[in-house]
$ cat final32.csv   # CSV, C-alpha atoms and all ligand atoms
chain,number,residue,atom,x,y,z
E,1341,MET,CA,0.0,0.0,0.0
E,1342,LYS,CA,2.8,2.4,1.0
E,1343,ASN,CA,4.7,1.7,-2.3
E,1344,ALA,CA,1.6,2.2,-4.3
E,1345,ILE,CA,1.0,5.5,-2.6
E,1346,PHE,CA,4.6,6.5,-3.3
E,1347,LEU,CA,4.3,5.8,-7.0
E,1348,ILE,CA,1.1,7.8,-7.3
E,1349,LEU,CA,2.7,10.6,-5.4
E,1350,ILE,CA,5.5,10.7,-8.0
E,1351,SER,CA,2.9,11.0,-10.7
E,1352,LEU,CA,1.6,14.1,-8.9
E,1353,PHE,CA,4.9,15.8,-8.8
E,1354,LEU,CA,3.8,19.0,-10.5
E,1355,GLN,CA,0.5,19.4,-8.7
E,1356,GLN,CA,0.7,21.8,-5.8
E,1357,CYS,CA,-2.0,23.5,-3.9
E,1358,ALA,CA,-4.6,22.5,-6.4
E,1359,HIS,CA,-7.8,23.1,-4.6
E,1360,LYS,CA,-11.4,23.6,-5.3
E,1361,LYS,CA,-12.7,26.6,-3.5
E,1362,VAL,CA,-15.9,26.4,-1.5
E,1363,ASP,CA,-18.1,29.4,-1.3
E,1364,LEU,CA,-18.7,29.6,2.4
E,1365,THR,CA,-20.4,32.8,3.4
E,1366,LYS,CA,-18.6,33.0,6.7
E,1367,PRO,CA,-14.9,32.9,7.4
E,1368,GLN,CA,-13.5,29.9,9.2
E,1369,GLN,CA,-12.3,31.7,12.3
E,1370,THR,CA,-15.5,32.0,14.4
E,1371,LYS,CA,-14.5,29.4,16.9
E,1372,THR,CA,-11.9,29.5,19.6
E,1373,MET,CA,-9.1,27.0,19.4
E,1374,GLU,CA,-10.1,24.6,22.1
E,1375,ASP,CA,-13.8,25.2,22.7
E,1376,ASN,CA,-16.1,22.3,23.4
E,1377,THR,CA,-18.2,22.1,20.3
E,1378,HIS,CA,-18.8,18.3,20.5
E,1379,ALA,CA,-21.5,18.2,23.2
E,1380,ASN,CA,-24.1,17.3,20.6
E,1381,ASN,CA,-21.9,14.8,18.8
E,1382,PRO,CA,-22.3,11.3,20.4
E,1383,TYR,CA,-19.7,9.8,18.0
E,1384,TYR,CA,-16.9,12.1,19.1
E,1385,SER,CA,-14.1,10.3,21.0
E,1386,ARG,CA,-10.4,10.7,21.3
E,1387,THR,CA,-9.9,7.1,22.6
E,1388,ASP,CA,-12.4,5.0,20.8
E,1389,LYS,CA,-10.9,3.7,17.5
E,1390,THR,CA,-14.0,1.8,16.4
E,1391,LYS,CA,-14.8,2.5,12.8
E,1392,LEU,CA,-17.9,4.6,12.3
E,1393,ASN,CA,-20.6,4.1,9.8
E,1394,VAL,CA,-22.7,7.2,10.1
E,1395,SER,CA,-24.8,8.6,7.2
E,1396,ASN,CA,-24.2,12.1,5.9
E,1397,ALA,CA,-27.9,12.8,6.7
E,1398,GLU,CA,-27.0,12.1,10.4
E,1399,TRP,CA,-23.7,14.0,10.3
E,1400,LYS,CA,-25.6,17.0,8.8
E,1401,LYS,CA,-27.7,17.2,11.9
E,1402,ILE,CA,-24.7,17.0,14.2
E,1403,LEU,CA,-21.9,19.0,12.7
E,1404,PRO,CA,-21.5,22.8,12.3
E,1405,ALA,CA,-22.3,23.7,8.6
E,1406,GLU,CA,-18.7,24.6,7.7
E,1407,VAL,CA,-17.3,21.4,9.1
E,1408,TYR,CA,-20.0,19.3,7.3
E,1409,ALA,CA,-19.4,21.1,3.9
E,1410,ILE,CA,-15.7,20.4,4.1
E,1411,ALA,CA,-15.4,17.1,6.0
E,1412,ARG,CA,-18.4,15.3,4.5
E,1413,GLU,CA,-18.8,16.9,1.1
E,1414,ALA,CA,-15.0,17.2,0.4
E,1415,ASN,CA,-15.1,21.0,-0.2
E,1416,THR,CA,-12.0,23.0,0.4
E,1417,GLU,CA,-11.7,26.1,2.6
E,1418,TYR,CA,-10.3,29.3,1.1
E,1419,PRO,CA,-6.5,29.5,1.4
E,1420,PHE,CA,-5.1,31.6,4.3
E,1421,THR,CA,-8.5,31.6,6.1
E,1422,GLY,CA,-8.3,28.4,8.2
E,1423,LYS,CA,-7.7,28.8,11.9
E,1424,TYR,CA,-4.7,26.4,11.9
E,1425,ASN,CA,-2.9,27.8,8.8
E,1426,ASP,CA,-0.8,30.3,10.6
E,1427,PHE,CA,-0.6,28.5,13.9
E,1428,ASP,CA,2.3,26.9,15.7
E,1429,GLU,CA,1.1,25.8,19.2
E,1430,VAL,CA,2.5,22.5,20.6
E,1431,GLY,CA,0.0,19.7,20.9
E,1432,GLU,CA,-2.1,17.2,19.0
E,1433,TYR,CA,-4.5,17.4,16.0
E,1434,PHE,CA,-7.7,15.3,15.9
E,1435,CYS,CA,-10.5,14.8,13.5
E,1436,ALA,CA,-13.1,17.5,14.0
E,1437,VAL,CA,-15.8,15.1,13.1
E,1438,CYS,CA,-15.0,12.0,15.3
E,1439,GLY,CA,-12.0,12.9,17.5
E,1440,ASN,CA,-9.6,10.4,15.9
E,1441,HIS,CA,-5.9,11.3,16.3
E,1442,LEU,CA,-4.4,12.6,13.1
E,1443,PHE,CA,-1.2,14.6,13.5
E,1444,ARG,CA,1.3,15.8,16.1
E,1445,SER,CA,2.3,19.5,16.0
E,1446,SER,CA,6.0,18.5,15.6
E,1447,SER,CA,5.2,17.3,12.0
E,1448,LYS,CA,3.6,20.6,11.1
E,1449,PHE,CA,5.6,23.0,8.9
E,1450,ALA,CA,5.3,26.5,7.6
E,1451,SER,CA,3.9,26.0,4.1
E,1452,THR,CA,3.2,28.9,1.8
E,1453,CYS,CA,0.3,27.3,0.1
E,1454,GLY,CA,-2.3,28.7,2.6
E,1455,TRP,CA,-3.5,25.5,4.3
E,1456,PRO,CA,-2.1,23.8,7.4
E,1457,SER,CA,0.6,21.4,6.3
E,1458,PHE,CA,2.2,18.4,7.9
E,1459,PHE,CA,5.1,16.1,6.7
E,1460,GLU,CA,3.8,13.1,8.6
E,1461,ALA,CA,0.4,11.7,9.7
E,1462,ASP,CA,-0.5,9.2,12.4
E,1463,LYS,CA,-0.4,5.9,10.5
E,1464,ASP,CA,-3.4,4.7,12.4
E,1465,GLY,CA,-5.2,8.0,11.9
E,1466,VAL,CA,-5.6,8.4,8.1
E,1467,ILE,CA,-6.4,6.4,4.9
E,1468,TYR,CA,-5.9,7.4,1.3
E,1469,LYS,CA,-8.1,7.4,-1.8
E,1470,ARG,CA,-7.4,8.3,-5.4
E,1471,ASP,CA,-9.2,11.5,-6.3
E,1472,SER,CA,-9.6,12.1,-10.1
E,1473,SER,CA,-12.1,15.0,-9.6
E,1474,HIS,CA,-11.8,18.5,-11.2
E,1475,GLY,CA,-9.5,17.2,-13.9
E,1476,MET,CA,-6.7,16.4,-11.6
E,1477,GLU,CA,-5.1,13.3,-10.3
E,1478,ARG,CA,-4.6,13.6,-6.5
E,1479,ILE,CA,-4.6,11.5,-3.4
E,1480,GLU,CA,-7.3,12.4,-1.0
E,1481,VAL,CA,-6.6,12.0,2.8
E,1482,LEU,CA,-9.5,10.8,4.9
E,1483,CYS,CA,-9.9,10.0,8.6
E,1484,LYS,CA,-9.5,6.3,9.2
E,1485,ARG,CA,-12.3,6.1,11.8
E,1486,CYS,CA,-15.1,8.2,10.2
E,1487,GLU,CA,-13.8,8.6,6.6
E,1488,SER,CA,-14.2,12.3,6.6
E,1489,HIS,CA,-12.4,14.4,4.0
E,1490,LEU,CA,-9.3,16.0,5.5
E,1491,GLY,CA,-7.4,17.3,2.4
E,1492,HIS,CA,-4.8,15.9,0.0
E,1493,VAL,CA,-1.3,14.6,0.1
E,1494,PHE,CA,1.6,15.6,-2.2
E,1495,ASN,CA,5.2,14.7,-2.6
E,1496,ASP,CA,6.7,18.2,-2.4
E,1497,GLY,CA,7.1,18.3,1.4
E,1498,PRO,CA,10.2,19.0,3.5
E,1499,PRO,CA,12.6,16.4,5.0
E,1500,PRO,CA,12.5,13.9,6.6
E,1501,THR,CA,9.6,12.5,4.5
E,1502,GLY,CA,9.3,14.8,1.5
E,1503,THR,CA,5.5,14.5,2.0
E,1504,ARG,CA,3.1,17.3,2.3
E,1505,TYR,CA,-0.3,16.7,3.9
E,1506,CYS,CA,-2.3,19.7,2.8
E,1507,MET,CA,-5.2,19.9,5.3
E,1508,ASN,CA,-8.4,21.9,5.9
E,1509,SER,CA,-8.5,23.6,9.3
E,1510,ALA,CA,-12.2,22.9,9.5
E,1511,SER,CA,-11.6,19.2,9.5
E,1512,LEU,CA,-9.1,19.5,12.4
E,1513,ASP,CA,-9.4,19.9,16.2
E,1514,PHE,CA,-6.4,20.9,18.2
E,1515,GLN,CA,-5.5,20.1,21.8
E,1516,ARG,CA,-2.6,22.0,23.3
E,1517,ASP,CA,-0.1,20.0,25.4
E,1518,LYS,CA,-0.6,20.3,29.1
E,1519,LYS,CA,2.2,22.1,30.8
E,1601,ZN,ZN,-12.8,11.2,11.9
$ encode --input "final32.csv" --output "structure tokens"
Amino acid sequence: MKNAIFLILISLFLQQCAHKKVDLTKPQQTKTMEDNTHANNPYYSRTDKTKLNVSNAEWKKILPAEVYAIAREANTEYPFTGKYNDFDEVGEYFCAVCGNHLFRSSSKFASTCGWPSFFEADKDGVIYKRDSSHGMERIEVLCKRCESHLGHVFNDGPPPTGTRYCMNSASLDFQRDKK
């Protein structure tokens, strides 16, 4: 699987920051970084790894509109608008839909493309899917537990992996390390 992904990544060499824009009427910065917005979400857990099989009709009732549009309908937030784009706190990133662990802040790097970018993902946190939409060949990154859309992965990242996970802030939750 890893080799297959690597080969596909090579084929995507020239594709950078190719994103479909979503016309959201509100900016993505209306929430504070660590507020508890999951009180109405019975599926949210940072410890339960059980795979979820929840319909979009159900998610639509539970999730904030902007999270639903991006995570469940694979839209992309405007560049430079996401709350974690220009953000370098130390801690852990989780799926905003189900709470599954996705990234550690030590794998985040300052990308100029306008979306939060990581050079490495939690191997138990994400899965990959070929995405041929919008006339492009890309690799979509999804949450392994709930299969929500997180973003895409490219092979133009920095060392040590050379990989760039280009993510939507709306699909992410952040938990700052406790001092
Ligand atoms: Zn998830």
$ closest_atom_pairs --input "final32.csv" --of "chain E" --to "ligand ZN 1601 (chain E)" --cutoff "9 Å" --atoms "only C-alpha atoms and all ligand atoms" --output "CSV"
residue,atom,partner,partner_atom,distance
E:Tyr1384,CA,E:ZN1601,ZN,8.3
E:Lys1391,CA,E:ZN1601,ZN,9.0
E:Leu1392,CA,E:ZN1601,ZN,8.4
E:Ala1411,CA,E:ZN1601,ZN,8.7
E:Phe1434,CA,E:ZN1601,ZN,7.7
E:Cys1435,CA,E:ZN1601,ZN,4.6
E:Ala1436,CA,E:ZN1601,ZN,6.6
E:Val1437,CA,E:ZN1601,ZN,5.1
E:Cys1438,CA,E:ZN1601,ZN,4.1
E:Gly1439,CA,E:ZN1601,ZN,5.9
E:Asn1440,CA,E:ZN1601,ZN,5.2
E:His1441,CA,E:ZN1601,ZN,8.2
E:Leu1442,CA,E:ZN1601,ZN,8.6
E:Gly1465,CA,E:ZN1601,ZN,8.2
E:Val1466,CA,E:ZN1601,ZN,8.6
E:Leu1482,CA,E:ZN1601,ZN,7.7
E:Cys1483,CA,E:ZN1601,ZN,4.6
E:Lys1484,CA,E:ZN1601,ZN,6.5
E:Arg1485,CA,E:ZN1601,ZN,5.1
E:Cys1486,CA,E:ZN1601,ZN,4.1
E:Glu1487,CA,E:ZN1601,ZN,6.0
E:Ser1488,CA,E:ZN1601,ZN,5.6
E:His1489,CA,E:ZN1601,ZN,8.5
E:Leu1490,CA,E:ZN1601,ZN,8.7
E:Ser1511,CA,E:ZN1601,ZN,8.4
$ write_last_selection --input "final32.csv" --atoms "C-alpha atoms" --output "short mmCIF file (atom, residue, chain, number, x, y, z; two decimals), keeping the file's coordinate frame"
data_model
loop_
_atom_site.label_atom_id
_atom_site.label_comp_id
_atom_site.auth_asym_id
_atom_site.auth_seq_id
_atom_site.Cartn_x
_atom_site.Cartn_y
_atom_site.Cartn_z
CA TYR E 1384 -16.90 12.10 19.10
CA LYS E 1391 -14.80 2.50 12.80
CA LEU E 1392 -17.90 4.60 12.30
CA ALA E 1411 -15.40 17.10 6.00
CA PHE E 1434 -7.70 15.30 15.90
CA CYS E 1435 -10.50 14.80 13.50
CA ALA E 1436 -13.10 17.50 14.00
CA VAL E 1437 -15.80 15.10 13.10
CA CYS E 1438 -15.00 12.00 15.30
CA GLY E 1439 -12.00 12.90 17.50
CA ASN E 1440 -9.60 10.40 15.90
CA HIS E 1441 -5.90 11.30 16.30
CA LEU E 1442 -4.40 12.60 13.10
CA GLY E 1465 -5.20 8.00 11.90
CA VAL E 1466 -5.60 8.40 8.10
CA LEU E 1482 -9.50 10.80 4.90
CA CYS E 1483 -9.90 10.00 8.60
CA LYS E 1484 -9.50 6.30 9.20
CA ARG E 1485 -12.30 6.10 11.80
CA CYS E 1486 -15.10 8.20 10.20
CA GLU E 1487 -13.80 8.60 6.60
CA SER E 1488 -14.20 12.30 6.60
CA HIS E 1489 -12.40 14.40 4.00
CA LEU E 1490 -9.30 16.00 5.50
CA SER E 1511 -11.60 19.20 9.50
#
$ atom_distance --input "final32.csv" --atom1 "atom CA of Val1430 of chain E" --atom2 "atom CA of Ser1446 of chain E"
7.3 Å
$ closest_residue --input "final32.csv" --among "E:Pro1456, E:Asp1462, E:Tyr1383, E:Ala1510" --to "Pro1404 of chain E" --atoms "only C-alpha atoms"
E:Ala1510
$ residues_around --input "final32.csv" --residues "Ala1409 of chain E" --least-positions-apart "3" --cutoff "10 Å" --atoms "only C-alpha atoms" --output "ChimeraX atom specification"
/E:1362-1364,1400,1403-1406,1412-1417,1489,1510-1511
$ atom_distance --input "final32.csv" --atom1 "atom CA of Cys1506 of chain E" --atom2 "atom CA of Val1407 of chain E"
16.4 Å
$ atom_distance --input "final32.csv" --atom1 "atom CA of Phe1420 of chain E" --atom2 "atom CA of Phe1514 of chain E"
17.6 Å
$ residues_around --input "final32.csv" --residues "Asp1517 of chain E" --least-positions-apart "6" --cutoff "9 Å" --atoms "only C-alpha atoms" --output "list of chain:residue names"
E:Glu1429, E:Val1430, E:Gly1431, E:Glu1432
$ write_last_selection --input "final32.csv" --atoms "C-alpha atoms" --output "short mmCIF file (atom, residue, chain, number, x, y, z; two decimals), keeping the file's coordinate frame"
data_model
loop_
_atom_site.label_atom_id
_atom_site.label_comp_id
_atom_site.auth_asym_id
_atom_site.auth_seq_id
_atom_site.Cartn_x
_atom_site.Cartn_y
_atom_site.Cartn_z
CA GLU E 1429 1.10 25.80 19.20
CA VAL E 1430 2.50 22.50 20.60
CA GLY E 1431 0.00 19.70 20.90
CA GLU E 1432 -2.10 17.20 19.00
#
